[in-house]
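S.K.: Okay, so here is start16.pdb, and as you'll see once you scroll down, it has PDB, C-alpha atoms and all ligand atoms.
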ATOM      1  CA  MET A  18       1.857  -2.317 -33.229  1.00  0.00           C
ATOM      2  CA  GLU A  19       2.468  -5.510 -31.254  1.00  0.00           C
ATOM      3  CA  LYS A  20       0.209  -5.897 -28.220  1.00  0.00           C
ATOM      4  CA  GLU A  21       1.897  -5.239 -24.877  1.00  0.00           C
ATOM      5  CA  ARG A  22       2.298  -8.316 -22.692  1.00  0.00           C
ATOM      6  CA  VAL A  23       1.803  -7.310 -19.083  1.00  0.00           C
ATOM      7  CA  LYS A  24       1.636  -9.657 -16.093  1.00  0.00           C
ATOM      8  CA  LEU A  25       1.335  -9.015 -12.392  1.00  0.00           C
ATOM      9  CA  VAL A  26       2.109 -11.642  -9.784  1.00  0.00           C
ATOM     10  CA  GLY A  27       0.350 -10.755  -6.546  1.00  0.00           C
ATOM     11  CA  PHE A  28      -1.412 -11.776  -3.381  1.00  0.00           C
ATOM     12  CA  TRP A  29      -5.017 -10.700  -2.730  1.00  0.00           C
ATOM     13  CA  ALA A  30      -4.406  -8.959   0.634  1.00  0.00           C
ATOM     14  CA  SER A  31      -1.132  -7.226  -0.222  1.00  0.00           C
ATOM     15  CA  PRO A  32      -1.242  -3.409  -0.167  1.00  0.00           C
ATOM     16  CA  PHE A  33       1.949  -3.454  -2.248  1.00  0.00           C
ATOM     17  CA  VAL A  34       0.098  -5.370  -4.947  1.00  0.00           C
ATOM     18  CA  HIS A  35      -3.027  -3.226  -4.743  1.00  0.00           C
ATOM     19  CA  ARG A  36      -1.112  -0.023  -5.392  1.00  0.00           C
ATOM     20  CA  VAL A  37       0.226  -1.534  -8.631  1.00  0.00           C
ATOM     21  CA  LYS A  38      -3.246  -2.743  -9.653  1.00  0.00           C
ATOM     22  CA  MET A  39      -4.605   0.761  -9.004  1.00  0.00           C
ATOM     23  CA  ALA A  40      -1.874   2.368 -11.136  1.00  0.00           C
ATOM     24  CA  LEU A  41      -2.561  -0.044 -14.013  1.00  0.00           C
ATOM     25  CA  LYS A  42      -6.277   0.711 -13.827  1.00  0.00           C
ATOM     26  CA  MET A  43      -5.637   4.463 -13.819  1.00  0.00           C
ATOM     27  CA  LYS A  44      -3.356   4.117 -16.848  1.00  0.00           C
ATOM     28  CA  GLY A  45      -5.827   1.843 -18.623  1.00  0.00           C
ATOM     29  CA  VAL A  46      -3.266  -0.959 -19.007  1.00  0.00           C
ATOM     30  CA  GLU A  47      -4.639  -4.473 -19.510  1.00  0.00           C
ATOM     31  CA  TYR A  48      -2.763  -7.246 -17.773  1.00  0.00           C
ATOM     32  CA  GLN A  49      -2.837 -10.841 -16.675  1.00  0.00           C
ATOM     33  CA  TYR A  50      -3.037 -11.282 -12.920  1.00  0.00           C
ATOM     34  CA  ILE A  51      -1.401 -14.335 -11.330  1.00  0.00           C
ATOM     35  CA  GLU A  52      -2.288 -15.020  -7.701  1.00  0.00           C
ATOM     36  CA  GLU A  53       0.605 -16.294  -5.559  1.00  0.00           C
ATOM     37  CA  ASP A  54       0.268 -18.072  -2.221  1.00  0.00           C
ATOM     38  CA  ILE A  55       2.877 -16.241  -0.126  1.00  0.00           C
ATOM     39  CA  ARG A  56       2.764 -18.971   2.570  1.00  0.00           C
ATOM     40  CA  ASN A  57       3.467 -21.675   0.059  1.00  0.00           C
ATOM     41  CA  LYS A  58       5.453 -19.946  -2.650  1.00  0.00           C
ATOM     42  CA  THR A  59       5.551 -21.377  -6.148  1.00  0.00           C
ATOM     43  CA  PRO A  60       8.741 -21.892  -8.192  1.00  0.00           C
ATOM     44  CA  LEU A  61       7.526 -18.998 -10.372  1.00  0.00           C
ATOM     45  CA  LEU A  62       8.006 -16.492  -7.539  1.00  0.00           C
ATOM     46  CA  PHE A  63      11.513 -17.802  -6.753  1.00  0.00           C
ATOM     47  CA  GLU A  64      12.358 -17.525 -10.420  1.00  0.00           C
ATOM     48  CA  LEU A  65      10.928 -14.016 -10.896  1.00  0.00           C
ATOM     49  CA  ASN A  66      12.063 -12.462  -7.614  1.00  0.00           C
ATOM     50  CA  PRO A  67      15.085 -14.477  -6.447  1.00  0.00           C
ATOM     51  CA  VAL A  68      16.336 -11.578  -4.307  1.00  0.00           C
ATOM     52  CA  TYR A  69      13.321 -10.901  -2.049  1.00  0.00           C
ATOM     53  CA  LYS A  70      10.888 -13.689  -3.051  1.00  0.00           C
ATOM     54  CA  GLN A  71       8.030 -11.269  -2.490  1.00  0.00           C
ATOM     55  CA  VAL A  72       5.034  -9.971  -4.400  1.00  0.00           C
ATOM     56  CA  PRO A  73       4.339  -7.899  -6.393  1.00  0.00           C
ATOM     57  CA  VAL A  74       6.381  -8.867  -9.399  1.00  0.00           C
ATOM     58  CA  PHE A  75       5.668  -7.073 -12.657  1.00  0.00           C
ATOM     59  CA  VAL A  76       6.513  -8.541 -16.061  1.00  0.00           C
ATOM     60  CA  HIS A  77       6.399  -6.296 -19.130  1.00  0.00           C
ATOM     61  CA  ASN A  78       7.116  -7.912 -22.504  1.00  0.00           C
ATOM     62  CA  GLY A  79       9.242 -10.501 -20.695  1.00  0.00           C
ATOM     63  CA  LYS A  80      11.158  -7.939 -18.605  1.00  0.00           C
ATOM     64  CA  VAL A  81      10.818  -8.623 -14.888  1.00  0.00           C
ATOM     65  CA  LEU A  82      10.588  -5.980 -12.168  1.00  0.00           C
ATOM     66  CA  PRO A  83      10.115  -6.421  -8.406  1.00  0.00           C
ATOM     67  CA  GLU A  84       9.356  -3.848  -5.645  1.00  0.00           C
ATOM     68  CA  SER A  85       6.048  -2.005  -5.770  1.00  0.00           C
ATOM     69  CA  ARG A  86       7.272   1.603  -5.656  1.00  0.00           C
ATOM     70  CA  ILE A  87       9.824   0.904  -8.381  1.00  0.00           C
ATOM     71  CA  ILE A  88       7.072  -0.774 -10.406  1.00  0.00           C
ATOM     72  CA  LEU A  89       4.844   2.303  -9.947  1.00  0.00           C
ATOM     73  CA  GLU A  90       7.585   4.563 -11.297  1.00  0.00           C
ATOM     74  CA  TYR A  91       8.210   2.217 -14.219  1.00  0.00           C
ATOM     75  CA  ILE A  92       4.503   2.196 -15.086  1.00  0.00           C
ATOM     76  CA  ASP A  93       4.384   5.995 -14.897  1.00  0.00           C
ATOM     77  CA  GLU A  94       7.372   6.342 -17.242  1.00  0.00           C
ATOM     78  CA  THR A  95       6.234   3.645 -19.645  1.00  0.00           C
ATOM     79  CA  TRP A  96       2.599   4.678 -20.052  1.00  0.00           C
ATOM     80  CA  LYS A  97       2.990   8.427 -20.168  1.00  0.00           C
ATOM     81  CA  ASN A  98      -0.642   9.016 -21.088  1.00  0.00           C
ATOM     82  CA  THR A  99      -2.508  10.976 -18.448  1.00  0.00           C
ATOM     83  CA  PRO A 100      -2.743  10.800 -15.555  1.00  0.00           C
ATOM     84  CA  LEU A 101       0.921  11.092 -14.610  1.00  0.00           C
ATOM     85  CA  LEU A 102       1.365   9.738 -11.108  1.00  0.00           C
ATOM     86  CA  LEU A 103       4.562  11.481  -9.993  1.00  0.00           C
ATOM     87  CA  PRO A 104       4.877  15.298 -10.102  1.00  0.00           C
ATOM     88  CA  GLN A 105       7.035  16.653 -12.912  1.00  0.00           C
ATOM     89  CA  ASP A 106       8.744  19.287 -10.781  1.00  0.00           C
ATOM     90  CA  PRO A 107      12.021  17.693  -9.528  1.00  0.00           C
ATOM     91  CA  HIS A 108      11.631  18.832  -5.923  1.00  0.00           C
ATOM     92  CA  GLN A 109       7.969  17.834  -5.710  1.00  0.00           C
ATOM     93  CA  LYS A 110       8.837  14.496  -7.281  1.00  0.00           C
ATOM     94  CA  ALA A 111      11.649  13.900  -4.786  1.00  0.00           C
ATOM     95  CA  MET A 112       9.344  14.822  -1.885  1.00  0.00           C
ATOM     96  CA  ALA A 113       6.610  12.458  -3.110  1.00  0.00           C
ATOM     97  CA  ARG A 114       9.259   9.695  -3.045  1.00  0.00           C
ATOM     98  CA  PHE A 115      10.394  10.832   0.405  1.00  0.00           C
ATOM     99  CA  TRP A 116       6.872  10.572   1.890  1.00  0.00           C
ATOM    100  CA  ALA A 117       6.226   7.309   0.088  1.00  0.00           C
ATOM    101  CA  ASP A 118       9.324   5.868   1.732  1.00  0.00           C
ATOM    102  CA  PHE A 119       8.226   7.310   5.088  1.00  0.00           C
ATOM    103  CA  SER A 120       4.802   5.675   4.715  1.00  0.00           C
ATOM    104  CA  ASP A 121       6.180   2.225   3.904  1.00  0.00           C
ATOM    105  CA  ASN A 122       9.010   2.226   6.378  1.00  0.00           C
ATOM    106  CA  GLN A 123       8.167   4.454   9.363  1.00  0.00           C
ATOM    107  CA  LEU A 124       4.373   4.533   9.417  1.00  0.00           C
ATOM    108  CA  GLY A 125       3.952   0.919   8.296  1.00  0.00           C
ATOM    109  CA  LYS A 126       6.271  -0.340  11.026  1.00  0.00           C
ATOM    110  CA  VAL A 127       4.650   1.443  13.983  1.00  0.00           C
ATOM    111  CA  ALA A 128       1.114   0.755  12.748  1.00  0.00           C
ATOM    112  CA  LEU A 129       1.843  -2.983  12.548  1.00  0.00           C
ATOM    113  CA  GLU A 130       3.293  -2.846  16.043  1.00  0.00           C
ATOM    114  CA  ALA A 131       0.088  -1.138  17.272  1.00  0.00           C
ATOM    115  CA  LEU A 132      -1.913  -4.003  15.754  1.00  0.00           C
ATOM    116  CA  CYS A 133       0.217  -6.849  17.084  1.00  0.00           C
ATOM    117  CA  SER A 134       1.429  -5.705  20.511  1.00  0.00           C
ATOM    118  CA  ARG A 135      -0.479  -5.143  23.733  1.00  0.00           C
ATOM    119  CA  GLY A 136      -0.098  -3.107  26.927  1.00  0.00           C
ATOM    120  CA  GLU A 137       2.502  -0.359  27.213  1.00  0.00           C
ATOM    121  CA  ARG A 138       4.215  -1.333  23.984  1.00  0.00           C
ATOM    122  CA  GLN A 139       0.937  -0.983  22.117  1.00  0.00           C
ATOM    123  CA  GLU A 140       0.171   2.386  23.750  1.00  0.00           C
ATOM    124  CA  LYS A 141       3.563   3.693  22.583  1.00  0.00           C
ATOM    125  CA  ALA A 142       3.053   2.299  19.090  1.00  0.00           C
ATOM    126  CA  VAL A 143      -0.384   3.961  18.850  1.00  0.00           C
ATOM    127  CA  ILE A 144       1.171   7.329  19.815  1.00  0.00           C
ATOM    128  CA  SER A 145       3.951   6.868  17.239  1.00  0.00           C
ATOM    129  CA  THR A 146       1.399   5.944  14.555  1.00  0.00           C
ATOM    130  CA  VAL A 147      -0.704   9.036  15.267  1.00  0.00           C
ATOM    131  CA  GLU A 148       2.466  11.179  15.228  1.00  0.00           C
ATOM    132  CA  ALA A 149       3.486   9.731  11.863  1.00  0.00           C
ATOM    133  CA  LEU A 150       0.003  10.430  10.475  1.00  0.00           C
ATOM    134  CA  GLU A 151       0.148  13.985  11.824  1.00  0.00           C
ATOM    135  CA  LYS A 152       3.191  14.533   9.618  1.00  0.00           C
ATOM    136  CA  LEU A 153       1.183  13.350   6.624  1.00  0.00           C
ATOM    137  CA  GLU A 154      -1.706  15.556   7.768  1.00  0.00           C
ATOM    138  CA  GLN A 155       0.600  18.566   7.271  1.00  0.00           C
ATOM    139  CA  GLU A 156       1.530  17.279   3.840  1.00  0.00           C
ATOM    140  CA  LEU A 157      -2.148  17.116   2.841  1.00  0.00           C
ATOM    141  CA  LYS A 158      -3.178  20.587   4.023  1.00  0.00           C
ATOM    142  CA  GLY A 159      -4.968  22.525   1.283  1.00  0.00           C
ATOM    143  CA  LYS A 160      -4.937  19.608  -1.146  1.00  0.00           C
ATOM    144  CA  VAL A 161      -7.642  17.239  -2.308  1.00  0.00           C
ATOM    145  CA  PHE A 162      -5.204  14.332  -2.677  1.00  0.00           C
ATOM    146  CA  PHE A 163      -1.514  13.945  -1.839  1.00  0.00           C
ATOM    147  CA  GLY A 164      -0.989  14.243  -5.598  1.00  0.00           C
ATOM    148  CA  GLY A 165      -2.841  17.599  -5.693  1.00  0.00           C
ATOM    149  CA  ASP A 166      -6.249  17.671  -7.412  1.00  0.00           C
ATOM    150  CA  SER A 167      -6.059  14.041  -8.481  1.00  0.00           C
ATOM    151  CA  ILE A 168      -4.740  10.731  -7.191  1.00  0.00           C
ATOM    152  CA  GLY A 169      -0.963  10.423  -7.631  1.00  0.00           C
ATOM    153  CA  HIS A 170       1.969   8.166  -6.686  1.00  0.00           C
ATOM    154  CA  LEU A 171       1.841   9.095  -3.012  1.00  0.00           C
ATOM    155  CA  ASP A 172      -1.919   8.455  -2.747  1.00  0.00           C
ATOM    156  CA  LEU A 173      -1.430   4.987  -4.206  1.00  0.00           C
ATOM    157  CA  VAL A 174       1.441   4.239  -1.804  1.00  0.00           C
ATOM    158  CA  ILE A 175      -0.367   5.595   1.252  1.00  0.00           C
ATOM    159  CA  GLY A 176      -3.703   4.144   0.139  1.00  0.00           C
ATOM    160  CA  TRP A 177      -3.321   1.113   2.429  1.00  0.00           C
ATOM    161  CA  ILE A 178      -4.200   3.313   5.393  1.00  0.00           C
ATOM    162  CA  SER A 179      -7.733   3.740   4.070  1.00  0.00           C
ATOM    163  CA  TYR A 180      -8.657   0.066   3.922  1.00  0.00           C
ATOM    164  CA  PHE A 181      -6.346  -1.393   6.610  1.00  0.00           C
ATOM    165  CA  MET A 182      -6.307   1.151   9.429  1.00  0.00           C
ATOM    166  CA  PRO A 183     -10.039   1.097  10.327  1.00  0.00           C
ATOM    167  CA  LEU A 184      -9.857  -2.720  10.448  1.00  0.00           C
ATOM    168  CA  TRP A 185      -6.697  -2.688  12.547  1.00  0.00           C
ATOM    169  CA  GLU A 186      -8.337  -0.245  14.966  1.00  0.00           C
ATOM    170  CA  GLU A 187     -11.279  -2.620  15.335  1.00  0.00           C
ATOM    171  CA  LEU A 188      -9.147  -5.751  15.677  1.00  0.00           C
ATOM    172  CA  ALA A 189      -6.766  -4.282  18.252  1.00  0.00           C
ATOM    173  CA  SER A 190      -9.361  -2.081  20.034  1.00  0.00           C
ATOM    174  CA  ILE A 191      -7.294   1.046  19.457  1.00  0.00           C
ATOM    175  CA  LYS A 192      -8.038   4.542  18.130  1.00  0.00           C
ATOM    176  CA  ILE A 193      -5.698   6.063  15.578  1.00  0.00           C
ATOM    177  CA  LEU A 194      -7.807   7.882  12.979  1.00  0.00           C
ATOM    178  CA  ASP A 195      -9.171  10.496  15.367  1.00  0.00           C
ATOM    179  CA  SER A 196     -10.817  13.117  13.137  1.00  0.00           C
ATOM    180  CA  SER A 197     -10.128  15.919  15.635  1.00  0.00           C
ATOM    181  CA  LYS A 198      -6.366  15.223  15.364  1.00  0.00           C
ATOM    182  CA  LEU A 199      -6.321  14.127  11.741  1.00  0.00           C
ATOM    183  CA  PRO A 200      -9.134  15.963   9.907  1.00  0.00           C
ATOM    184  CA  ALA A 201      -7.393  16.170   6.523  1.00  0.00           C
ATOM    185  CA  VAL A 202      -6.277  12.517   6.628  1.00  0.00           C
ATOM    186  CA  ASN A 203      -9.840  11.411   7.460  1.00  0.00           C
ATOM    187  CA  GLU A 204     -11.315  13.448   4.613  1.00  0.00           C
ATOM    188  CA  TRP A 205      -8.669  12.130   2.228  1.00  0.00           C
ATOM    189  CA  LEU A 206      -9.380   8.566   3.347  1.00  0.00           C
ATOM    190  CA  ASN A 207     -13.083   8.844   2.462  1.00  0.00           C
ATOM    191  CA  ARG A 208     -12.298  10.546  -0.835  1.00  0.00           C
ATOM    192  CA  PHE A 209      -9.801   7.819  -1.720  1.00  0.00           C
ATOM    193  CA  LEU A 210     -12.076   4.914  -0.743  1.00  0.00           C
ATOM    194  CA  THR A 211     -14.997   6.251  -2.767  1.00  0.00           C
ATOM    195  CA  HIS A 212     -12.977   7.266  -5.842  1.00  0.00           C
ATOM    196  CA  PRO A 213     -14.287   5.537  -9.004  1.00  0.00           C
ATOM    197  CA  MET A 214     -10.790   4.210  -9.828  1.00  0.00           C
ATOM    198  CA  ILE A 215     -10.369   2.692  -6.374  1.00  0.00           C
ATOM    199  CA  LYS A 216     -13.659   1.658  -4.812  1.00  0.00           C
ATOM    200  CA  ASP A 217     -14.544  -1.473  -6.780  1.00  0.00           C
ATOM    201  CA  ASP A 218     -11.269  -3.354  -6.529  1.00  0.00           C
ATOM    202  CA  LEU A 219     -10.440  -3.289  -2.844  1.00  0.00           C
ATOM    203  CA  PRO A 220     -10.233  -6.561  -0.902  1.00  0.00           C
ATOM    204  CA  LYS A 221     -13.455  -7.478   0.901  1.00  0.00           C
ATOM    205  CA  LYS A 222     -13.618  -6.196   4.477  1.00  0.00           C
ATOM    206  CA  GLU A 223     -14.734  -9.495   6.091  1.00  0.00           C
ATOM    207  CA  LYS A 224     -12.012 -11.475   4.330  1.00  0.00           C
ATOM    208  CA  LEU A 225      -9.343  -8.924   5.307  1.00  0.00           C
ATOM    209  CA  TYR A 226     -10.579  -8.895   8.900  1.00  0.00           C
ATOM    210  CA  ALA A 227     -10.246 -12.674   9.186  1.00  0.00           C
ATOM    211  CA  TYR A 228      -6.836 -12.522   7.513  1.00  0.00           C
ATOM    212  CA  PHE A 229      -5.427  -9.905   9.898  1.00  0.00           C
ATOM    213  CA  ASP A 230      -7.010 -11.608  12.877  1.00  0.00           C
ATOM    214  CA  GLU A 231      -4.955 -14.685  12.016  1.00  0.00           C
ATOM    215  CA  VAL A 232      -1.785 -12.769  11.027  1.00  0.00           C
ATOM    216  CA  SER A 233      -1.780 -10.569  14.140  1.00  0.00           C
ATOM    217  CA  ARG A 234      -2.175 -13.622  16.424  1.00  0.00           C
ATOM    218  CA  ARG A 235       0.578 -15.471  14.591  1.00  0.00           C
ATOM    219  CA  ILE A 236       3.139 -12.666  14.711  1.00  0.00           C
ATOM    220  CA  ALA A 237       2.173 -11.208  18.110  1.00  0.00           C
ATOM    221  CA  PRO A 238       5.030 -13.115  19.880  1.00  0.00           C
ATOM    222  CA  LEU A 239       7.490 -11.109  17.760  1.00  0.00           C
ATOM    223  CA  TYR A 240       6.042  -8.049  19.513  1.00  0.00           C
ATOM    224  CA  GLY A 241       6.268  -9.654  22.955  1.00  0.00           C
ATOM    225  CA  SER A 242       2.574 -10.457  23.285  1.00  0.00           C
ATOM    226  CA  GLU A 243       0.029 -13.269  23.071  1.00  0.00           C
ATOM    227  CA  ILE A 244      -3.287 -12.437  21.418  1.00  0.00           C
TER     228      ILE A 244
HETATM  229  N1  LIG B   1       9.104  -3.655  -0.401  1.00  0.00           N
HETATM  230  C1  LIG B   1       8.229  -4.609  -1.057  1.00  0.00           C
HETATM  231  C2  LIG B   1       7.364  -5.283  -0.007  1.00  0.00           C
HETATM  232  C3  LIG B   1       6.554  -6.417  -0.608  1.00  0.00           C
HETATM  233  C4  LIG B   1       5.993  -7.352   0.469  1.00  0.00           C
HETATM  234  O1  LIG B   1       6.249  -7.215   1.678  1.00  0.00           O
HETATM  235  N2  LIG B   1       5.216  -8.336   0.009  1.00  0.00           N
HETATM  236  C5  LIG B   1       4.676  -9.332   0.906  1.00  0.00           C
HETATM  237  C6  LIG B   1       3.166  -9.462   0.711  1.00  0.00           C
HETATM  238  S1  LIG B   1       2.334  -8.104   1.447  1.00  0.00           S
HETATM  239  C7  LIG B   1       5.294 -10.688   0.575  1.00  0.00           C
HETATM  240  O2  LIG B   1       5.499 -11.027  -0.557  1.00  0.00           O
HETATM  241  N3  LIG B   1       5.580 -11.457   1.613  1.00  0.00           N
HETATM  242  C8  LIG B   1       6.161 -12.752   1.506  1.00  0.00           C
HETATM  243  C9  LIG B   1       7.479 -12.811   2.221  1.00  0.00           C
HETATM  244  O3  LIG B   1       8.008 -11.785   2.670  1.00  0.00           O
HETATM  245  O4  LIG B   1       8.006 -13.933   2.346  1.00  0.00           O
HETATM  246  C10 LIG B   1       7.399  -3.902  -2.126  1.00  0.00           C
HETATM  247  O5  LIG B   1       7.153  -2.690  -1.975  1.00  0.00           O
HETATM  248  O6  LIG B   1       7.031  -4.534  -3.127  1.00  0.00           O
END
How does the structure come out when it is put into C-alpha cells?
M.R.:
Amino acid sequence: MEKERVKLVGFWASPFVHRVKMALKMKGVEYQYIEEDIRNKTPLLFELNPVYKQVPVFVHNGKVLPESRIILEYIDETWKNTPLLLPQDPHQKAMARFWADFSDNQLGKVALEALCSRGERQEKAVISTVEALEKLEQELKGKVFFGGDSIGHLDLVIGWISYFMPLWEELASIKILDSSKLPAVNEWLNRFLTHPMIKDDLPKKEKLYAYFDEVSRRIAPLYGSEI
C-alpha cells in the first residue's frame, strides 16, 4: 500500500493546532509539521487556506482541509482504528459537537475578554467564564473524560482550558478555576494534562506566558483597556 502523505501547517501556541496534533498522536498517524508565522504569513498559508488564512491546515494525500474541528472529524473518519474520538450514538455525537462549538465560541470569547479587559468589564467576563465552565462541569459529572472513560473529540477541543486558563489567571490576576465551584473540571484538567498522550507535547509554560503577556497587551484596547 502507498504510504499516506500527511502534513499539518500550524503555529506553536495555537490551541486549534494542538488539538489536531493530539488527535494524530492518538491515532498513531505520522505527519510532517510545517510551522507558520501567523504575524507574517507565508504564501503557502494564503494558498492552502484562502478563505480564512488561518492555521491549522491539514493536507492528506494532496487534499487540503482547514478548520480544526472539521479536521478532527476527518481524522476520526479516515483513521477508524481505535480510539474513535466522536461517540457513535447519533445523539451523543451531536451533543459532543454542540459542546465543542460552545467551548470555541462562547467560553473562548468570554475567557479572552477576562484576560484582556480590566475593571468592571473584566469582573463581568470572569463571572461569564465561570458560568460557562459550570455548564461544562455538569457535562462532566460521573465521567472520567468528556469522552467517557477515555479522551475523545470534546476533550481535545476543550483541552486548551488546561494549559491556557491557569496562565491567564496568573497574567490577569483573576480566579476562574475555583475547585469549590468547579471540582469536576479541575479533576479533569489534571487528568488531561498528565495523560501520556498529552503531557509531552504541550507548549512550554514560560514561552506561552511571554506570548500571552504580549498578546493581551496588544489587543487590550479592543476590550477598552490599557495593560
Ligand atoms: N476556527 C478556526 C480558528 C483558527 C485560528 O483562530 N487560528 C489562529 C491561530 S490560534 C490563526 O491562524 N490566526 C491568524 C489570523 O487569524 O490571522 C479553527 O478552529 O481552526
S.K.: For this structure, which residues satisfy the selection - the PyMOL selection byres (((chain A and resi 201) around 8) and not hetatm) - when it is evaluated on the file as given? I want them as a list of chain:residue names.
M.R.: A:Glu154, A:Leu157, A:Lys158, A:Leu199, A:Pro200, A:Val202, A:Asn203, A:Glu204, A:Trp205
S.K.: Could you please extract the residues within 7 Å of ligand LIG 1 (chain B), counting all atoms listed in the file, and hand them back as a list in words?
M.R.: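 Residues satisfying the distance criterion: Phe28, Ala30, Ser31, Pro32, Phe33, Ile55, Lys70, Gln71, Val72, Pro73, Pro83, Glu84, Ser85 and Arg86 of chain A.
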S.K.: Apply the PyMOL selection byres (((chain A and resi 115-127) around 10) and not hetatm) to the displayed file and report the matching residues as a PyMOL selection string.
M.R.: chain A and resi 33+86+109-114+128-133+139+141-150+152-153+156+163+170-178
S.K.: Given the PyMOL selection byres (((chain A and resi 62) around 12) and not hetatm) and the file above, list the residues it selects as a ChimeraX atom specification.
M.R.: /A:25-28,51-61,63-76,81-83
S.K.: Could you work out how far atom CA of A:Ile168 lies from atom CA of A:Tyr91, giving the answer in Å with one decimal?
M.R.: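 According to the coordinates, atom CA of A:Tyr91 and atom CA of A:Ile168 are separated by 17.0 Å.
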S.K.: Would you mind reading off the distance between atom CA of A:Tyr228 and atom CA of A:Gly169, one decimal, in Å?
M.R.: 28.1 Å
S.K.: Between A:Arg135, A:Gly79, A:Lys44, A:Pro238, which residue has the minimum interatomic distance to A:Lys97, considering all atoms listed in the file?
M.R.: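 The answer is A:Lys44, which sits nearest to A:Lys97.
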S.K.: Rank nothing, just name the residue among A:Glu137, A:Val46, A:Leu89, A:Asn207 nearest to A:Val34, using only C-alpha atoms.
M.R.: A:Leu89
S.K.: Rounded to one decimal in Å, what is the spacing between atom CA of A:Trp96 and atom CA of A:Gly159?
M.R.: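 Those two atoms sit 28.8 Å apart.
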S.K.: Taking (-3.7, -3.8, 8.7) as a centre in this file's frame and 7 Å as the limit, can you find every polymer residue with an atom that close, using only C-alpha atoms, and give them as a PyMOL selection string?
M.R.: chain A and resi 129+181-182+184-185+229
S.K.: I need the chosen residues saved as a compact mmCIF listing (two decimals), keeping the file's coordinate frame, with C-alpha atoms.
M.R.:
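The file below, out.txt, is the result:
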# COMPACT_ATOMS: atom_id res chain seq x y z
CA LEU A 129 1.84 -2.98 12.55
CA PHE A 181 -6.35 -1.39 6.61
CA MET A 182 -6.31 1.15 9.43
CA LEU A 184 -9.86 -2.72 10.45
CA TRP A 185 -6.70 -2.69 12.55
CA PHE A 229 -5.43 -9.90 9.90
S.K.: Determine, counting all atoms listed in the file, which protein, DNA and RNA residues have an atom within 9 Å of an atom of A:Arg22; residues of the same chain fewer than 4 positions away are not included. Present the result as a compact mmCIF listing (two decimals) with C-alpha atoms, keeping the file's coordinate frame.
M.R.:
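As a result, selection-v8.txt now contains:
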# COMPACT_ATOMS: atom_id res chain seq x y z
CA GLU A 47 -4.64 -4.47 -19.51
CA TYR A 48 -2.76 -7.25 -17.77
CA GLN A 49 -2.84 -10.84 -16.68
CA VAL A 76 6.51 -8.54 -16.06
CA HIS A 77 6.40 -6.30 -19.13
CA ASN A 78 7.12 -7.91 -22.50
CA GLY A 79 9.24 -10.50 -20.70
